[in-house]
Amino acid sequence: MRGLTLLSVTMLAAPLGLAGRAQAQAQDLPPVPIITQVATDAGTASGPADPAVPTVATEPAPAPPEREKYPLLPIGGRAAIERGYHIQRALGASGMLIHNVQNMDSRNLAVAIAKGEDPPAGGALLEVPFVTTTQMESHSSNTEFKADVWLFPFLNLFAGIGKVKGHVNVGVDIDLDAFVPFPFCRPAKPCGHSQLPFTANVDNTSFTVGSIVGYGTNHWFAALSLAKTISVSSKDRSDMKMTNIAGRVGPRFALGKDVMLTPYVGANYYDMDVTVSGLVRSGALFEDGDGVNLRYKVDLKSSRPWAAIGGANLELSSHWAMQAEYNWGKDSNRFVLSLTFRP
């Protein structure tokens with residue numbers, strides 16, 4: 001029987017360690033001749049064995065490794081082993097590092113704006129036509145610990161907790177003539193527009209859940225992953241939500257005993273929603289030395305969430321695997337590095 005491969009991929013809100021190796025099942029044993037049993041009485045044979053039927057001594061088949069005798073997980077693992085499959089170790093733990101740069105689109109910009117003083121902290125924030133956003137870009141780095149389990153030989157479930165740090169660059173354009181009344185801004189001496197760029201810092205705790213469906217053979221694999229990440233700020237700002245859907249496919253190369261290299265390509269949908277809020281001051285803009293103080297809240301969303309994937313997984317043994325992956329899109333770049341241990 002030809003062995004099939006059961007695939008494992010470790011995935012960052014996304015988040016992946018590819019593992020699992022196909023093994024060929026032993027050839028069926030040749031038919032064993034029927035053995036005539038001889039009854040005995042107090043150590044004396046009651047009759048000779050039929051000489052026409054040969055007696056063949058057989059050895060018991062070697063027992064499978066201890067962990068493969070009666071695996072509790074994955075469900076159906078024992079049947080898969082008996083059919084010649086080599087299944088992945090069920091439990092895994094991974095350390096992951098993810099760095100992401102993404103251009104964003106803005107929506108729902110609400111502000112409270114004042115000349116020469118801070119708007120009240122508890123005041124209402126309103127959408128105003130003379131304040132618009134320009135440049136928007138998110139830079140984030142996520143360190144994460146992830147635990148996973150193969151529930152079935154083809155289905156992996158995982159959950160992770162991590163820390164997200166970085167910043168979001170936001171540019172704001174203010175039409176001062178529409179905001180500041182006469183005599184500060186007047187037709188004879190217009191105030192024009194003021195560009196007010198600011199940076200919203202990100203220092204959040206992230207929680208990720210997801211699943212992987214995979215299939216493979218001795219020579220190739222394919223996998224589809226889905227992950228959802230929620231990143232919460234302790235200061236009620238820069239909250240983030242990420243949805244990551246990715247497909248990967250590639251060949252598999254055996255480099256030695258228990259060593260497997262799996263390069264792959266694929267496509268990734270990485271959608272990020274960010275809510276940023278805070279207070280920014282412009283400095284002196286008017287003849288009297290006053291500036292504009294802006295309290296803001298704005299929702300940002302990935303402008304182009306699709307990206308191409310290129311990466312590789314190196315399985316060092318049945319216990320250890322390393323993965324490196326790069327995603328590049330028109331408005332995004334993402335790098336993932338992970339180390340996985342399966343006890």
# chains A, B, ... in the order shown; residues from 1 in each chain; ligands from 1
call {"tool": "residues_around", "arguments": {"residues": "A:Leu261", "least_positions_apart": "5", "cutoff": "10 Å", "atoms": "only C-alpha atoms", "output": "PyMOL selection string"}}
result
chain A and resi 18-19+251-256+312-316+321-323
call {"tool": "write_last_selection", "arguments": {"atoms": "C-alpha atoms", "output": "compact mmCIF listing (two decimals), in the first residue's frame"}}
result
# COMPACT_ATOMS: atom_id res chain seq x y z
CA LEU A 18 4.38 22.28 8.35
CA ALA A 19 5.17 18.71 9.44
CA PRO A 251 6.64 20.13 -2.85
CA ARG A 252 8.32 18.09 -0.10
CA PHE A 253 11.96 17.02 -0.05
CA ALA A 254 13.52 14.45 2.31
CA LEU A 255 17.01 15.67 3.28
CA GLY A 256 17.84 12.80 5.60
CA ALA A 312 9.52 27.27 3.67
CA ASN A 313 9.16 24.84 6.55
CA LEU A 314 12.11 22.80 7.85
CA GLU A 315 11.19 19.74 9.90
CA LEU A 316 14.25 18.87 11.98
CA ALA A 321 10.14 22.37 13.07
CA MET A 322 11.02 25.89 11.88
CA GLN A 323 9.11 28.10 9.46
call {"tool": "residues_around", "arguments": {"residues": "A:Gln135", "least_positions_apart": "5", "cutoff": "9 Å", "atoms": "only C-alpha atoms", "output": "PyMOL selection string"}}
result
chain A and resi 103-105+169-172+197
call {"tool": "residues_around", "arguments": {"residues": "stretch 267-278 of chain A", "least_positions_apart": "5", "cutoff": "8 Å", "atoms": "only C-alpha atoms", "output": "JSON list (two decimals) with C-alpha atoms, in the first residue's frame"}}
result
[["chain", "number", "residue", "atom", "x", "y", "z"],
["A", 14, "ALA", "CA", -2.71, 34.06, 10.66],
["A", 200, "ALA", "CA", -0.88, 56.69, 17.41],
["A", 237, "ARG", "CA", -7.09, 53.34, 21.95],
["A", 238, "SER", "CA", -5.61, 51.62, 18.92],
["A", 239, "ASP", "CA", -7.79, 48.52, 19.20],
["A", 240, "MET", "CA", -7.12, 46.10, 16.31],
["A", 241, "LYS", "CA", -8.96, 43.20, 14.65],
["A", 242, "MET", "CA", -7.28, 40.97, 12.07],
["A", 243, "THR", "CA", -8.77, 38.32, 9.78],
["A", 244, "ASN", "CA", -6.27, 36.02, 8.06],
["A", 245, "ILE", "CA", -7.23, 33.48, 5.37],
["A", 246, "ALA", "CA", -4.41, 31.74, 3.50],
["A", 247, "GLY", "CA", -3.88, 28.89, 1.06],
["A", 248, "ARG", "CA", -0.48, 27.22, 0.61],
["A", 295, "ARG", "CA", -9.11, 65.35, 19.77],
["A", 296, "TYR", "CA", -9.83, 62.52, 17.34],
["A", 297, "LYS", "CA", -11.16, 59.03, 16.82],
["A", 298, "VAL", "CA", -10.92, 57.25, 13.46],
["A", 299, "ASP", "CA", -11.47, 53.73, 12.10],
["A", 300, "LEU", "CA", -8.84, 52.41, 9.68],
["A", 301, "LYS", "CA", -9.09, 49.40, 7.37],
["A", 302, "SER", "CA", -6.59, 47.64, 5.09],
["A", 305, "PRO", "CA", -5.69, 43.01, 1.94],
["A", 306, "TRP", "CA", -4.53, 40.47, -0.70],
["A", 307, "ALA", "CA", -0.89, 39.37, -0.87],
["A", 308, "ALA", "CA", 1.26, 36.63, -2.38],
["A", 309, "ILE", "CA", 3.02, 34.11, -0.10],
["A", 327, "ASN", "CA", 3.85, 38.06, 2.30]]
call {"tool": "residues_around", "arguments": {"residues": "A:Leu126", "least_positions_apart": "3", "cutoff": "8 Å", "atoms": "only C-alpha atoms", "output": "list of chain:residue names"}}
result
A:Leu109, A:Ala110, A:Val111, A:Ala112
call {"tool": "closest_residue", "arguments": {"among": "A:Asp203, A:Gly310, A:Ala223, A:Leu176", "to": "A:Val265", "atoms": "only C-alpha atoms"}}
result
A:Gly310
call {"tool": "atom_distance", "arguments": {"atom1": "atom CA of A:Gly216", "atom2": "atom CA of A:Arg83"}}
result
15.6 Å
call {"tool": "atom_distance", "arguments": {"atom1": "atom CA of A:Ile113", "atom2": "atom CA of A:Pro190"}}
result
19.0 Å
call {"tool": "select_by_dssp", "arguments": {"residues": "stretch 56-290 of chain A", "states": "alpha helix (DSSP H)", "output": "NGL selection string"}}
result
:A and (66-69 or 77-82 or 176-179)
call {"tool": "atom_distance", "arguments": {"atom1": "atom CA of A:Phe179", "atom2": "atom CA of A:Asn201"}}
result
27.5 Å
call {"tool": "closest_residue", "arguments": {"among": "A:Lys146, A:Lys115, A:His167, A:Lys257", "to": "A:Ala93", "atoms": "only C-alpha atoms"}}
result
A:Lys146
